[in-house]
$ cat final08.pdb   # PDB, N, CA and C atoms
ATOM      1  N   MET A 106       8.611  72.367 -56.819
ATOM      2  CA  MET A 106       9.687  72.391 -57.777
ATOM      3  C   MET A 106       9.797  71.009 -58.403
ATOM      4  N   ASN A 107       9.908  70.992 -59.725
ATOM      5  CA  ASN A 107      10.128  69.757 -60.447
ATOM      6  C   ASN A 107      11.024  70.083 -61.631
ATOM      7  N   ALA A 108      12.225  69.521 -61.642
ATOM      8  CA  ALA A 108      13.170  69.775 -62.733
ATOM      9  C   ALA A 108      13.679  68.450 -63.271
ATOM     10  N   PHE A 109      13.606  68.294 -64.591
ATOM     11  CA  PHE A 109      14.097  67.083 -65.249
ATOM     12  C   PHE A 109      14.797  67.510 -66.533
ATOM     13  N   ILE A 110      16.073  67.135 -66.681
ATOM     14  CA  ILE A 110      16.806  67.504 -67.887
ATOM     15  C   ILE A 110      17.528  66.284 -68.458
ATOM     16  N   ILE A 111      17.645  66.285 -69.788
ATOM     17  CA  ILE A 111      18.403  65.255 -70.502
ATOM     18  C   ILE A 111      19.308  65.971 -71.495
ATOM     19  N   PHE A 112      20.620  65.670 -71.455
ATOM     20  CA  PHE A 112      21.602  66.247 -72.374
ATOM     21  C   PHE A 112      21.549  67.779 -72.418
ATOM     22  N   SER A 113      21.298  68.409 -71.286
ATOM     23  CA  SER A 113      21.281  69.870 -71.239
ATOM     24  C   SER A 113      21.535  70.323 -69.807
ATOM     25  N   GLY A 114      21.252  71.570 -69.527
ATOM     26  CA  GLY A 114      21.465  72.082 -68.186
ATOM     27  C   GLY A 114      20.493  73.199 -67.869
ATOM     28  N   ILE A 115      20.233  73.400 -66.582
ATOM     29  CA  ILE A 115      19.382  74.505 -66.150
ATOM     30  C   ILE A 115      19.935  75.088 -64.853
ATOM     31  N   ASN A 116      19.622  76.350 -64.639
ATOM     32  CA  ASN A 116      19.910  77.049 -63.383
ATOM     33  C   ASN A 116      18.574  77.549 -62.853
ATOM     34  N   ARG A 117      18.276  77.227 -61.609
ATOM     35  CA  ARG A 117      17.038  77.711 -61.002
ATOM     36  C   ARG A 117      17.351  78.393 -59.682
ATOM     37  N   LYS A 118      16.756  79.556 -59.491
ATOM     38  CA  LYS A 118      16.879  80.281 -58.228
ATOM     39  C   LYS A 118      15.514  80.225 -57.562
ATOM     40  N   ILE A 119      15.450  79.568 -56.411
ATOM     41  CA  ILE A 119      14.200  79.429 -55.682
ATOM     42  C   ILE A 119      14.146  80.530 -54.634
ATOM     43  N   GLU A 120      13.100  81.369 -54.712
ATOM     44  CA  GLU A 120      12.989  82.505 -53.794
ATOM     45  C   GLU A 120      11.728  82.448 -52.947
ATOM     46  N   SER A 121      11.018  81.348 -52.990
ATOM     47  CA  SER A 121       9.793  81.205 -52.213
ATOM     48  C   SER A 121      10.106  81.207 -50.721
ATOM     49  N   ASN A 122       9.273  81.900 -49.941
ATOM     50  CA  ASN A 122       9.424  81.881 -48.486
ATOM     51  C   ASN A 122       8.718  80.674 -47.875
ATOM     52  N   GLU A 123       7.963  79.929 -48.698
ATOM     53  CA  GLU A 123       7.203  78.773 -48.233
ATOM     54  C   GLU A 123       7.521  77.539 -49.081
ATOM     55  N   PHE A 124       8.806  77.292 -49.340
ATOM     56  CA  PHE A 124       9.195  76.140 -50.146
ATOM     57  C   PHE A 124       8.814  74.856 -49.424
ATOM     58  N   ARG A 125       8.150  73.942 -50.124
ATOM     59  CA  ARG A 125       7.649  72.707 -49.514
ATOM     60  C   ARG A 125       8.401  71.459 -49.943
ATOM     61  N   GLY A 126       9.160  71.533 -51.037
ATOM     62  CA  GLY A 126       9.904  70.367 -51.482
ATOM     63  C   GLY A 126       9.795  70.188 -52.981
ATOM     64  N   GLY A 127      10.449  69.134 -53.468
ATOM     65  CA  GLY A 127      10.387  68.884 -54.893
ATOM     66  C   GLY A 127      11.365  67.813 -55.319
ATOM     67  N   LYS A 128      11.582  67.778 -56.637
ATOM     68  CA  LYS A 128      12.405  66.740 -57.226
ATOM     69  C   LYS A 128      13.222  67.347 -58.362
ATOM     70  N   ALA A 129      14.484  66.908 -58.498
ATOM     71  CA  ALA A 129      15.339  67.339 -59.605
ATOM     72  C   ALA A 129      16.123  66.136 -60.105
ATOM     73  N   THR A 130      16.086  65.918 -61.432
ATOM     74  CA  THR A 130      16.783  64.795 -62.051
ATOM     75  C   THR A 130      17.617  65.295 -63.211
ATOM     76  N   ALA A 131      18.915  64.978 -63.182
ATOM     77  CA  ALA A 131      19.837  65.335 -64.269
ATOM     78  C   ALA A 131      20.324  64.048 -64.915
ATOM     79  N   LEU A 132      20.026  63.886 -66.198
ATOM     80  CA  LEU A 132      20.442  62.718 -66.961
ATOM     81  C   LEU A 132      21.334  63.214 -68.097
ATOM     82  N   PHE A 133      22.628  62.939 -68.012
ATOM     83  CA  PHE A 133      23.610  63.424 -68.991
ATOM     84  C   PHE A 133      23.583  64.954 -69.092
ATOM     85  N   GLY A 134      23.463  65.625 -67.956
ATOM     86  CA  GLY A 134      23.449  67.084 -67.957
ATOM     87  C   GLY A 134      23.669  67.613 -66.563
ATOM     88  N   GLY A 135      23.355  68.900 -66.376
ATOM     89  CA  GLY A 135      23.595  69.508 -65.078
ATOM     90  C   GLY A 135      22.457  70.401 -64.622
ATOM     91  N   ILE A 136      22.236  70.409 -63.319
ATOM     92  CA  ILE A 136      21.223  71.270 -62.700
ATOM     93  C   ILE A 136      21.883  72.037 -61.571
ATOM     94  N   GLU A 137      21.657  73.352 -61.549
ATOM     95  CA  GLU A 137      22.092  74.189 -60.431
ATOM     96  C   GLU A 137      20.848  74.751 -59.758
ATOM     97  N   LEU A 138      20.725  74.482 -58.460
ATOM     98  CA  LEU A 138      19.593  74.971 -57.677
ATOM     99  C   LEU A 138      20.118  75.897 -56.586
ATOM    100  N   ASP A 139      19.591  77.104 -56.539
ATOM    101  CA  ASP A 139      20.037  78.102 -55.558
ATOM    102  C   ASP A 139      18.889  78.417 -54.606
ATOM    103  N   PHE A 140      19.033  77.972 -53.367
ATOM    104  CA  PHE A 140      18.028  78.204 -52.332
ATOM    105  C   PHE A 140      18.448  79.306 -51.358
ATOM    106  N   THR A 141      19.499  80.055 -51.656
ATOM    107  CA  THR A 141      20.049  81.004 -50.688
ATOM    108  C   THR A 141      19.077  82.112 -50.297
ATOM    109  N   GLN A 142      18.053  82.371 -51.102
ATOM    110  CA  GLN A 142      17.065  83.408 -50.776
ATOM    111  C   GLN A 142      15.706  82.805 -50.414
ATOM    112  N   ALA A 143      15.662  81.492 -50.158
ATOM    113  CA  ALA A 143      14.393  80.796 -49.906
ATOM    114  C   ALA A 143      14.162  80.556 -48.417
ATOM    115  N   GLY A 144      12.930  80.282 -48.094
ATOM    116  CA  GLY A 144      12.534  79.879 -46.748
ATOM    117  C   GLY A 144      11.746  78.580 -46.843
ATOM    118  N   LEU A 145      11.728  77.806 -45.774
ATOM    119  CA  LEU A 145      11.057  76.511 -45.783
ATOM    120  C   LEU A 145       9.715  76.584 -45.066
ATOM    121  N   ALA A 146       8.672  76.070 -45.704
ATOM    122  CA  ALA A 146       7.345  76.010 -45.090
ATOM    123  C   ALA A 146       7.409  75.088 -43.884
ATOM    124  N   GLY A 147       6.956  75.553 -42.750
ATOM    125  CA  GLY A 147       6.985  74.725 -41.547
ATOM    126  C   GLY A 147       8.385  74.418 -41.063
ATOM    127  N   ASN A 148       9.354  75.178 -41.542
ATOM    128  CA  ASN A 148      10.763  75.046 -41.151
ATOM    129  C   ASN A 148      11.413  73.738 -41.606
ATOM    130  N   GLU A 149      10.766  73.009 -42.560
ATOM    131  CA  GLU A 149      11.404  71.818 -43.120
ATOM    132  C   GLU A 149      10.800  71.475 -44.477
ATOM    133  N   ALA A 150      11.612  70.801 -45.294
ATOM    134  CA  ALA A 150      11.179  70.363 -46.623
ATOM    135  C   ALA A 150      12.046  69.182 -47.047
ATOM    136  N   THR A 151      11.553  68.431 -48.048
ATOM    137  CA  THR A 151      12.281  67.297 -48.594
ATOM    138  C   THR A 151      12.474  67.497 -50.086
ATOM    139  N   VAL A 152      13.708  67.253 -50.549
ATOM    140  CA  VAL A 152      14.027  67.348 -51.971
ATOM    141  C   VAL A 152      14.674  66.038 -52.392
ATOM    142  N   GLU A 153      14.192  65.481 -53.514
ATOM    143  CA  GLU A 153      14.790  64.287 -54.102
ATOM    144  C   GLU A 153      15.693  64.729 -55.242
ATOM    145  N   LEU A 154      16.972  64.352 -55.169
ATOM    146  CA  LEU A 154      17.940  64.697 -56.208
ATOM    147  C   LEU A 154      18.478  63.421 -56.836
ATOM    148  N   THR A 155      18.508  63.386 -58.175
ATOM    149  CA  THR A 155      19.052  62.244 -58.897
ATOM    150  C   THR A 155      19.991  62.752 -59.974
ATOM    151  N   ALA A 156      21.202  62.224 -59.995
ATOM    152  CA  ALA A 156      22.181  62.564 -61.022
ATOM    153  C   ALA A 156      22.662  61.262 -61.664
ATOM    154  N   ILE A 157      22.348  61.087 -62.945
ATOM    155  CA  ILE A 157      22.774  59.904 -63.687
ATOM    156  C   ILE A 157      23.621  60.380 -64.858
ATOM    157  N   PHE A 158      24.918  60.079 -64.829
ATOM    158  CA  PHE A 158      25.869  60.581 -65.824
ATOM    159  C   PHE A 158      25.769  62.107 -65.934
ATOM    160  N   GLY A 159      25.484  62.760 -64.823
ATOM    161  CA  GLY A 159      25.359  64.209 -64.799
ATOM    162  C   GLY A 159      25.651  64.726 -63.414
ATOM    163  N   GLY A 160      25.244  65.961 -63.158
ATOM    164  CA  GLY A 160      25.526  66.543 -61.861
ATOM    165  C   GLY A 160      24.437  67.486 -61.393
ATOM    166  N   VAL A 161      24.346  67.612 -60.073
ATOM    167  CA  VAL A 161      23.431  68.555 -59.441
ATOM    168  C   VAL A 161      24.237  69.343 -58.416
ATOM    169  N   GLU A 162      24.134  70.675 -58.487
ATOM    170  CA  GLU A 162      24.754  71.549 -57.495
ATOM    171  C   GLU A 162      23.641  72.249 -56.742
ATOM    172  N   LEU A 163      23.670  72.134 -55.416
ATOM    173  CA  LEU A 163      22.643  72.691 -54.554
ATOM    174  C   LEU A 163      23.281  73.722 -53.632
ATOM    175  N   ARG A 164      22.775  74.958 -53.669
ATOM    176  CA  ARG A 164      23.261  76.014 -52.766
ATOM    177  C   ARG A 164      22.159  76.324 -51.754
ATOM    178  N   VAL A 165      22.546  76.278 -50.458
ATOM    179  CA  VAL A 165      21.580  76.514 -49.389
ATOM    180  C   VAL A 165      22.112  77.587 -48.444
ATOM    181  N   PRO A 166      21.216  78.259 -47.703
ATOM    182  CA  PRO A 166      21.674  79.223 -46.701
ATOM    183  C   PRO A 166      22.514  78.536 -45.621
ATOM    184  N   THR A 167      23.459  79.267 -45.065
ATOM    185  CA  THR A 167      24.368  78.676 -44.077
ATOM    186  C   THR A 167      23.653  78.195 -42.817
ATOM    187  N   GLN A 168      22.522  78.795 -42.465
ATOM    188  CA  GLN A 168      21.843  78.400 -41.232
ATOM    189  C   GLN A 168      20.973  77.162 -41.384
ATOM    190  N   TRP A 169      20.773  76.684 -42.613
ATOM    191  CA  TRP A 169      19.966  75.478 -42.808
ATOM    192  C   TRP A 169      20.748  74.240 -42.393
ATOM    193  N   GLU A 170      20.050  73.315 -41.759
ATOM    194  CA  GLU A 170      20.621  72.003 -41.482
ATOM    195  C   GLU A 170      20.202  71.094 -42.639
ATOM    196  N   VAL A 171      21.166  70.429 -43.254
ATOM    197  CA  VAL A 171      20.872  69.547 -44.377
ATOM    198  C   VAL A 171      21.117  68.105 -43.944
ATOM    199  N   ILE A 172      20.074  67.297 -44.012
ATOM    200  CA  ILE A 172      20.149  65.894 -43.622
ATOM    201  C   ILE A 172      20.069  65.067 -44.900
ATOM    202  N   VAL A 173      21.139  64.310 -45.178
ATOM    203  CA  VAL A 173      21.258  63.614 -46.455
ATOM    204  C   VAL A 173      21.063  62.114 -46.274
ATOM    205  N   ASP A 174      20.169  61.555 -47.074
ATOM    206  CA  ASP A 174      19.994  60.107 -47.215
ATOM    207  C   ASP A 174      20.473  59.811 -48.630
ATOM    208  N   SER A 175      21.649  59.164 -48.754
ATOM    209  CA  SER A 175      22.278  59.072 -50.079
ATOM    210  C   SER A 175      22.476  57.642 -50.561
ATOM    211  N   ASN A 176      22.486  57.512 -51.901
ATOM    212  CA  ASN A 176      22.726  56.243 -52.573
ATOM    213  C   ASN A 176      23.651  56.477 -53.762
ATOM    214  N   PRO A 177      24.964  56.581 -53.540
ATOM    215  CA  PRO A 177      25.873  56.732 -54.677
ATOM    216  C   PRO A 177      26.270  55.374 -55.258
ATOM    217  N   VAL A 178      26.237  55.285 -56.589
ATOM    218  CA  VAL A 178      26.691  54.095 -57.299
ATOM    219  C   VAL A 178      27.657  54.590 -58.368
ATOM    220  N   PHE A 179      28.951  54.364 -58.162
ATOM    221  CA  PHE A 179      29.987  54.907 -59.047
ATOM    222  C   PHE A 179      29.813  56.419 -59.222
ATOM    223  N   GLY A 180      29.406  57.084 -58.159
ATOM    224  CA  GLY A 180      29.226  58.527 -58.160
ATOM    225  C   GLY A 180      29.555  59.072 -56.788
ATOM    226  N   SER A 181      29.281  60.358 -56.585
ATOM    227  CA  SER A 181      29.587  60.943 -55.282
ATOM    228  C   SER A 181      28.513  61.948 -54.878
ATOM    229  N   ILE A 182      28.352  62.057 -53.567
ATOM    230  CA  ILE A 182      27.462  63.046 -52.973
ATOM    231  C   ILE A 182      28.289  63.727 -51.900
ATOM    232  N   GLU A 183      28.575  65.025 -52.105
ATOM    233  CA  GLU A 183      29.494  65.738 -51.226
ATOM    234  C   GLU A 183      28.843  66.967 -50.612
ATOM    235  N   ASP A 184      29.043  67.120 -49.315
ATOM    236  CA  ASP A 184      28.613  68.324 -48.605
ATOM    237  C   ASP A 184      29.849  69.198 -48.438
ATOM    238  N   LYS A 185      29.951  70.266 -49.215
ATOM    239  CA  LYS A 185      31.132  71.124 -49.205
ATOM    240  C   LYS A 185      30.931  72.395 -48.380
ATOM    241  N   ARG A 186      29.903  72.418 -47.550
ATOM    242  CA  ARG A 186      29.665  73.588 -46.717
ATOM    243  C   ARG A 186      30.611  73.592 -45.525
ATOM    244  N   LYS A 187      30.906  74.775 -45.051
ATOM    245  CA  LYS A 187      31.658  74.887 -43.796
ATOM    246  C   LYS A 187      30.709  74.491 -42.679
ATOM    247  N   SER A 188      31.229  73.753 -41.712
ATOM    248  CA  SER A 188      30.344  73.335 -40.632
ATOM    249  C   SER A 188      29.997  74.532 -39.761
ATOM    250  N   THR A 189      28.718  74.603 -39.399
ATOM    251  CA  THR A 189      28.226  75.670 -38.536
ATOM    252  C   THR A 189      27.475  75.014 -37.380
ATOM    253  N   PRO A 190      27.448  75.656 -36.220
ATOM    254  CA  PRO A 190      26.716  75.081 -35.090
ATOM    255  C   PRO A 190      25.239  74.935 -35.452
ATOM    256  N   GLN A 191      24.679  73.778 -35.183
ATOM    257  CA  GLN A 191      23.277  73.528 -35.500
ATOM    258  C   GLN A 191      22.422  73.762 -34.257
ATOM    259  N   ALA A 192      21.299  74.410 -34.461
ATOM    260  CA  ALA A 192      20.342  74.643 -33.384
ATOM    261  C   ALA A 192      19.042  73.937 -33.746
ATOM    262  N   GLU A 193      18.288  73.585 -32.745
ATOM    263  CA  GLU A 193      17.041  72.873 -32.997
ATOM    264  C   GLU A 193      16.061  73.711 -33.811
ATOM    265  N   ALA A 194      16.149  75.019 -33.704
ATOM    266  CA  ALA A 194      15.227  75.911 -34.415
ATOM    267  C   ALA A 194      15.623  76.131 -35.879
ATOM    268  N   ASN A 195      16.810  75.684 -36.285
ATOM    269  CA  ASN A 195      17.247  75.891 -37.672
ATOM    270  C   ASN A 195      16.342  75.133 -38.640
ATOM    271  N   PRO A 196      16.078  75.726 -39.811
ATOM    272  CA  PRO A 196      15.318  75.010 -40.836
ATOM    273  C   PRO A 196      16.057  73.740 -41.252
ATOM    274  N   LYS A 197      15.284  72.693 -41.557
ATOM    275  CA  LYS A 197      15.873  71.402 -41.934
ATOM    276  C   LYS A 197      15.456  71.047 -43.358
ATOM    277  N   LEU A 198      16.462  70.789 -44.184
ATOM    278  CA  LEU A 198      16.229  70.324 -45.543
ATOM    279  C   LEU A 198      16.656  68.868 -45.613
ATOM    280  N   TYR A 199      15.716  67.992 -45.910
ATOM    281  CA  TYR A 199      15.997  66.565 -46.044
ATOM    282  C   TYR A 199      16.251  66.268 -47.518
ATOM    283  N   LEU A 200      17.387  65.659 -47.804
ATOM    284  CA  LEU A 200      17.740  65.295 -49.177
ATOM    285  C   LEU A 200      17.731  63.792 -49.335
ATOM    286  N   LYS A 201      17.026  63.329 -50.344
ATOM    287  CA  LYS A 201      17.100  61.932 -50.776
ATOM    288  C   LYS A 201      17.897  61.991 -52.067
ATOM    289  N   ALA A 202      19.173  61.624 -51.987
ATOM    290  CA  ALA A 202      20.105  61.842 -53.092
ATOM    291  C   ALA A 202      20.598  60.532 -53.679
ATOM    292  N   THR A 203      20.527  60.440 -55.018
ATOM    293  CA  THR A 203      21.029  59.283 -55.745
ATOM    294  C   THR A 203      21.960  59.773 -56.840
ATOM    295  N   ALA A 204      23.178  59.237 -56.868
ATOM    296  CA  ALA A 204      24.150  59.586 -57.911
ATOM    297  C   ALA A 204      24.660  58.297 -58.535
ATOM    298  N   ILE A 205      24.388  58.134 -59.821
ATOM    299  CA  ILE A 205      24.846  56.966 -60.567
ATOM    300  C   ILE A 205      25.746  57.471 -61.683
ATOM    301  N   PHE A 206      27.041  57.199 -61.583
ATOM    302  CA  PHE A 206      28.032  57.743 -62.520
ATOM    303  C   PHE A 206      27.888  59.259 -62.634
ATOM    304  N   GLY A 207      27.554  59.899 -61.546
ATOM    305  CA  GLY A 207      27.372  61.348 -61.527
ATOM    306  C   GLY A 207      27.728  61.897 -60.173
ATOM    307  N   GLY A 208      27.403  63.162 -59.948
ATOM    308  CA  GLY A 208      27.754  63.780 -58.689
ATOM    309  C   GLY A 208      26.727  64.791 -58.210
ATOM    310  N   ILE A 209      26.634  64.904 -56.900
ATOM    311  CA  ILE A 209      25.766  65.905 -56.263
ATOM    312  C   ILE A 209      26.623  66.651 -55.254
ATOM    313  N   GLU A 210      26.605  67.992 -55.328
ATOM    314  CA  GLU A 210      27.363  68.839 -54.401
ATOM    315  C   GLU A 210      26.411  69.756 -53.660
ATOM    316  N   ILE A 211      26.645  69.877 -52.344
ATOM    317  CA  ILE A 211      25.882  70.785 -51.512
ATOM    318  C   ILE A 211      26.836  71.899 -51.091
ATOM    319  N   LYS A 212      26.452  73.152 -51.352
ATOM    320  CA  LYS A 212      27.298  74.309 -51.038
ATOM    321  C   LYS A 212      26.457  75.365 -50.331
ATOM    322  N   SER A 213      27.164  76.329 -49.719
ATOM    323  CA  SER A 213      26.441  77.469 -49.138
ATOM    324  C   SER A 213      26.987  78.762 -49.683
TER     325      SER A 213
END
$ encode --input "final08.pdb" --output "structure tokens"
Amino acid sequence: MNAFIIFSGINRKIESNEFRGGKATALFGGIELDFTQAGLAGNEATVELTAIFGGVELRVPTQWEVIVDSNPVFGSIEDKRKSTPQAEANPKLYLKATAIFGGIEIKS
């Protein structure tokens, strides 16, 4: 997956059972990524998210564990999911998130 937008917006629904990772950048716009019907290759993947004067909304299945490495600068990175018990066997999504005058939201 590779998504880059400037002054616009996109909605993407990822349905791959073998998602391996990718990158999404929103510059003065918005990106919505829906992973609720996806599976992770090898039970883990890494996604780089960047929001500069824009926003990224990420929807993940409730059983996924999301590990966030974040760098907000006059922006925010929020995990709005309800907490669920984590098991070692749960799929792990690693996020490298940067928000500069923008926002990134993680939802389920």
$ atom_distance --input "final08.pdb" --atom1 "atom N of A:Glu153" --atom2 "atom C of A:Gly207"
15.5 Å
$ residues_around --input "final08.pdb" --residues "A:Glu123" --least-positions-apart "2" --cutoff "8 Å" --atoms "only N, CA and C atoms" --output "ChimeraX atom specification"
/A:120-121,125-126,143-148
$ resolve_selection --input "final08.pdb" --expression "the PyMOL selection byres (((chain A and resi 115-117 and name CA) around 10) and name CA)" --output "CSV table (one decimal) with N, CA and C atoms, in the coordinates of the input"
chain,number,residue,atom,x,y,z
A,106,MET,N,8.6,72.4,-56.8
A,106,MET,CA,9.7,72.4,-57.8
A,106,MET,C,9.8,71.0,-58.4
A,108,ALA,N,12.2,69.5,-61.6
A,108,ALA,CA,13.2,69.8,-62.7
A,108,ALA,C,13.7,68.4,-63.3
A,109,PHE,N,13.6,68.3,-64.6
A,109,PHE,CA,14.1,67.1,-65.2
A,109,PHE,C,14.8,67.5,-66.5
A,110,ILE,N,16.1,67.1,-66.7
A,110,ILE,CA,16.8,67.5,-67.9
A,110,ILE,C,17.5,66.3,-68.5
A,113,SER,N,21.3,68.4,-71.3
A,113,SER,CA,21.3,69.9,-71.2
A,113,SER,C,21.5,70.3,-69.8
A,114,GLY,N,21.3,71.6,-69.5
A,114,GLY,CA,21.5,72.1,-68.2
A,114,GLY,C,20.5,73.2,-67.9
A,118,LYS,N,16.8,79.6,-59.5
A,118,LYS,CA,16.9,80.3,-58.2
A,118,LYS,C,15.5,80.2,-57.6
A,119,ILE,N,15.4,79.6,-56.4
A,119,ILE,CA,14.2,79.4,-55.7
A,119,ILE,C,14.1,80.5,-54.6
A,120,GLU,N,13.1,81.4,-54.7
A,120,GLU,CA,13.0,82.5,-53.8
A,120,GLU,C,11.7,82.4,-52.9
A,131,ALA,N,18.9,65.0,-63.2
A,131,ALA,CA,19.8,65.3,-64.3
A,131,ALA,C,20.3,64.0,-64.9
A,134,GLY,N,23.5,65.6,-68.0
A,134,GLY,CA,23.4,67.1,-68.0
A,134,GLY,C,23.7,67.6,-66.6
A,135,GLY,N,23.4,68.9,-66.4
A,135,GLY,CA,23.6,69.5,-65.1
A,135,GLY,C,22.5,70.4,-64.6
A,136,ILE,N,22.2,70.4,-63.3
A,136,ILE,CA,21.2,71.3,-62.7
A,136,ILE,C,21.9,72.0,-61.6
A,137,GLU,N,21.7,73.4,-61.5
A,137,GLU,CA,22.1,74.2,-60.4
A,137,GLU,C,20.8,74.8,-59.8
A,138,LEU,N,20.7,74.5,-58.5
A,138,LEU,CA,19.6,75.0,-57.7
A,138,LEU,C,20.1,75.9,-56.6
A,139,ASP,N,19.6,77.1,-56.5
A,139,ASP,CA,20.0,78.1,-55.6
A,139,ASP,C,18.9,78.4,-54.6
A,140,PHE,N,19.0,78.0,-53.4
A,140,PHE,CA,18.0,78.2,-52.3
A,140,PHE,C,18.4,79.3,-51.4
A,161,VAL,N,24.3,67.6,-60.1
A,161,VAL,CA,23.4,68.6,-59.4
A,161,VAL,C,24.2,69.3,-58.4
A,162,GLU,N,24.1,70.7,-58.5
A,162,GLU,CA,24.8,71.5,-57.5
A,162,GLU,C,23.6,72.2,-56.7
A,163,LEU,N,23.7,72.1,-55.4
A,163,LEU,CA,22.6,72.7,-54.6
A,163,LEU,C,23.3,73.7,-53.6
$ closest_residue --input "final08.pdb" --among "A:Asn195, A:Asn176, A:Thr141, A:Thr130" --to "A:Ile211" --atoms "only C-alpha atoms"
A:Thr141
$ atom_distance --input "final08.pdb" --atom1 "atom C of A:Ile205" --atom2 "atom CA of A:Gly159"
7.4 Å
$ atom_distance --input "final08.pdb" --atom1 "atom CA of A:Leu198" --atom2 "atom CA of A:Phe112"
27.7 Å
$ select_by_dssp --input "final08.pdb" --residues "chain A" --states "strand (DSSP E)" --output "PyMOL selection string"
chain A and resi 107-111+114-118+126-132+135-139+149-157+160-164+170-178+181-184+197-205+208-212
$ residues_around --input "final08.pdb" --residues "A:Ala202" --least-positions-apart "2" --cutoff "5 Å" --atoms "all atoms listed in the file" --output "PDB file with N, CA and C atoms, in the frame of the given file"
ATOM      1  N   LEU A 154      16.972  64.352 -55.169  1.00  0.00           N
ATOM      2  CA  LEU A 154      17.940  64.697 -56.208  1.00  0.00           C
ATOM      3  C   LEU A 154      18.478  63.421 -56.836  1.00  0.00           C
ATOM      4  N   ASP A 174      20.169  61.555 -47.074  1.00  0.00           N
ATOM      5  CA  ASP A 174      19.994  60.107 -47.215  1.00  0.00           C
ATOM      6  C   ASP A 174      20.473  59.811 -48.630  1.00  0.00           C
ATOM      7  N   SER A 175      21.649  59.164 -48.754  1.00  0.00           N
ATOM      8  CA  SER A 175      22.278  59.072 -50.079  1.00  0.00           C
ATOM      9  C   SER A 175      22.476  57.642 -50.561  1.00  0.00           C
ATOM     10  N   ASN A 176      22.486  57.512 -51.901  1.00  0.00           N
ATOM     11  CA  ASN A 176      22.726  56.243 -52.573  1.00  0.00           C
ATOM     12  C   ASN A 176      23.651  56.477 -53.762  1.00  0.00           C
ATOM     13  N   LEU A 200      17.387  65.659 -47.804  1.00  0.00           N
ATOM     14  CA  LEU A 200      17.740  65.295 -49.177  1.00  0.00           C
ATOM     15  C   LEU A 200      17.731  63.792 -49.335  1.00  0.00           C
ATOM     16  N   ALA A 204      23.178  59.237 -56.868  1.00  0.00           N
ATOM     17  CA  ALA A 204      24.150  59.586 -57.911  1.00  0.00           C
ATOM     18  C   ALA A 204      24.660  58.297 -58.535  1.00  0.00           C
TER      19      ALA A 204
END
$ resolve_selection --input "final08.pdb" --expression "the PyMOL selection byres ((chain A and resi 180) around 6)" --output "PDB file with N, CA and C atoms, keeping the file's coordinate frame"
ATOM      1  N   PRO A 177      24.964  56.581 -53.540  1.00  0.00           N
ATOM      2  CA  PRO A 177      25.873  56.732 -54.677  1.00  0.00           C
ATOM      3  C   PRO A 177      26.270  55.374 -55.258  1.00  0.00           C
ATOM      4  N   VAL A 178      26.237  55.285 -56.589  1.00  0.00           N
ATOM      5  CA  VAL A 178      26.691  54.095 -57.299  1.00  0.00           C
ATOM      6  C   VAL A 178      27.657  54.590 -58.368  1.00  0.00           C
ATOM      7  N   PHE A 179      28.951  54.364 -58.162  1.00  0.00           N
ATOM      8  CA  PHE A 179      29.987  54.907 -59.047  1.00  0.00           C
ATOM      9  C   PHE A 179      29.813  56.419 -59.222  1.00  0.00           C
ATOM     10  N   SER A 181      29.281  60.358 -56.585  1.00  0.00           N
ATOM     11  CA  SER A 181      29.587  60.943 -55.282  1.00  0.00           C
ATOM     12  C   SER A 181      28.513  61.948 -54.878  1.00  0.00           C
ATOM     13  N   ILE A 182      28.352  62.057 -53.567  1.00  0.00           N
ATOM     14  CA  ILE A 182      27.462  63.046 -52.973  1.00  0.00           C
ATOM     15  C   ILE A 182      28.289  63.727 -51.900  1.00  0.00           C
ATOM     16  N   ALA A 204      23.178  59.237 -56.868  1.00  0.00           N
ATOM     17  CA  ALA A 204      24.150  59.586 -57.911  1.00  0.00           C
ATOM     18  C   ALA A 204      24.660  58.297 -58.535  1.00  0.00           C
ATOM     19  N   ILE A 205      24.388  58.134 -59.821  1.00  0.00           N
ATOM     20  CA  ILE A 205      24.846  56.966 -60.567  1.00  0.00           C
ATOM     21  C   ILE A 205      25.746  57.471 -61.683  1.00  0.00           C
ATOM     22  N   PHE A 206      27.041  57.199 -61.583  1.00  0.00           N
ATOM     23  CA  PHE A 206      28.032  57.743 -62.520  1.00  0.00           C
ATOM     24  C   PHE A 206      27.888  59.259 -62.634  1.00  0.00           C
ATOM     25  N   GLY A 207      27.554  59.899 -61.546  1.00  0.00           N
ATOM     26  CA  GLY A 207      27.372  61.348 -61.527  1.00  0.00           C
ATOM     27  C   GLY A 207      27.728  61.897 -60.173  1.00  0.00           C
ATOM     28  N   GLY A 208      27.403  63.162 -59.948  1.00  0.00           N
ATOM     29  CA  GLY A 208      27.754  63.780 -58.689  1.00  0.00           C
ATOM     30  C   GLY A 208      26.727  64.791 -58.210  1.00  0.00           C
TER      31      GLY A 208
END
$ decode --input "final08.pdb" --residues "stretch 135-153 of chain A" --atoms "C-alpha atoms" --output "PDB file, in the first residue's frame"
ATOM      1  CA  GLY A 135      -7.302  13.467   4.513  1.00  0.00           C
ATOM      2  CA  ILE A 136      -6.814   9.718   4.208  1.00  0.00           C
ATOM      3  CA  GLU A 137      -9.125   7.042   5.594  1.00  0.00           C
ATOM      4  CA  LEU A 138      -7.709   3.519   5.743  1.00  0.00           C
ATOM      5  CA  ASP A 139      -9.976   0.612   6.691  1.00  0.00           C
ATOM      6  CA  PHE A 140      -8.202  -2.603   7.679  1.00  0.00           C
ATOM      7  CA  THR A 141     -11.217  -4.215   9.392  1.00  0.00           C
ATOM      8  CA  GLN A 142     -11.417  -6.989   6.754  1.00  0.00           C
ATOM      9  CA  ALA A 143      -7.632  -7.478   6.369  1.00  0.00           C
ATOM     10  CA  GLY A 144      -5.156 -10.012   7.681  1.00  0.00           C
ATOM     11  CA  LEU A 145      -1.440  -9.544   8.339  1.00  0.00           C
ATOM     12  CA  ALA A 146       1.239 -11.606   6.582  1.00  0.00           C
ATOM     13  CA  GLY A 147       3.228 -13.434   9.236  1.00  0.00           C
ATOM     14  CA  ASN A 148       0.888 -11.964  11.862  1.00  0.00           C
ATOM     15  CA  GLU A 149       2.640  -8.555  11.745  1.00  0.00           C
ATOM     16  CA  ALA A 150       3.159  -5.539   9.491  1.00  0.00           C
ATOM     17  CA  THR A 151       4.518  -1.985   9.626  1.00  0.00           C
ATOM     18  CA  VAL A 152       2.742   1.112   8.320  1.00  0.00           C
ATOM     19  CA  GLU A 153       4.257   4.599   8.120  1.00  0.00           C
TER      20      GLU A 153
END
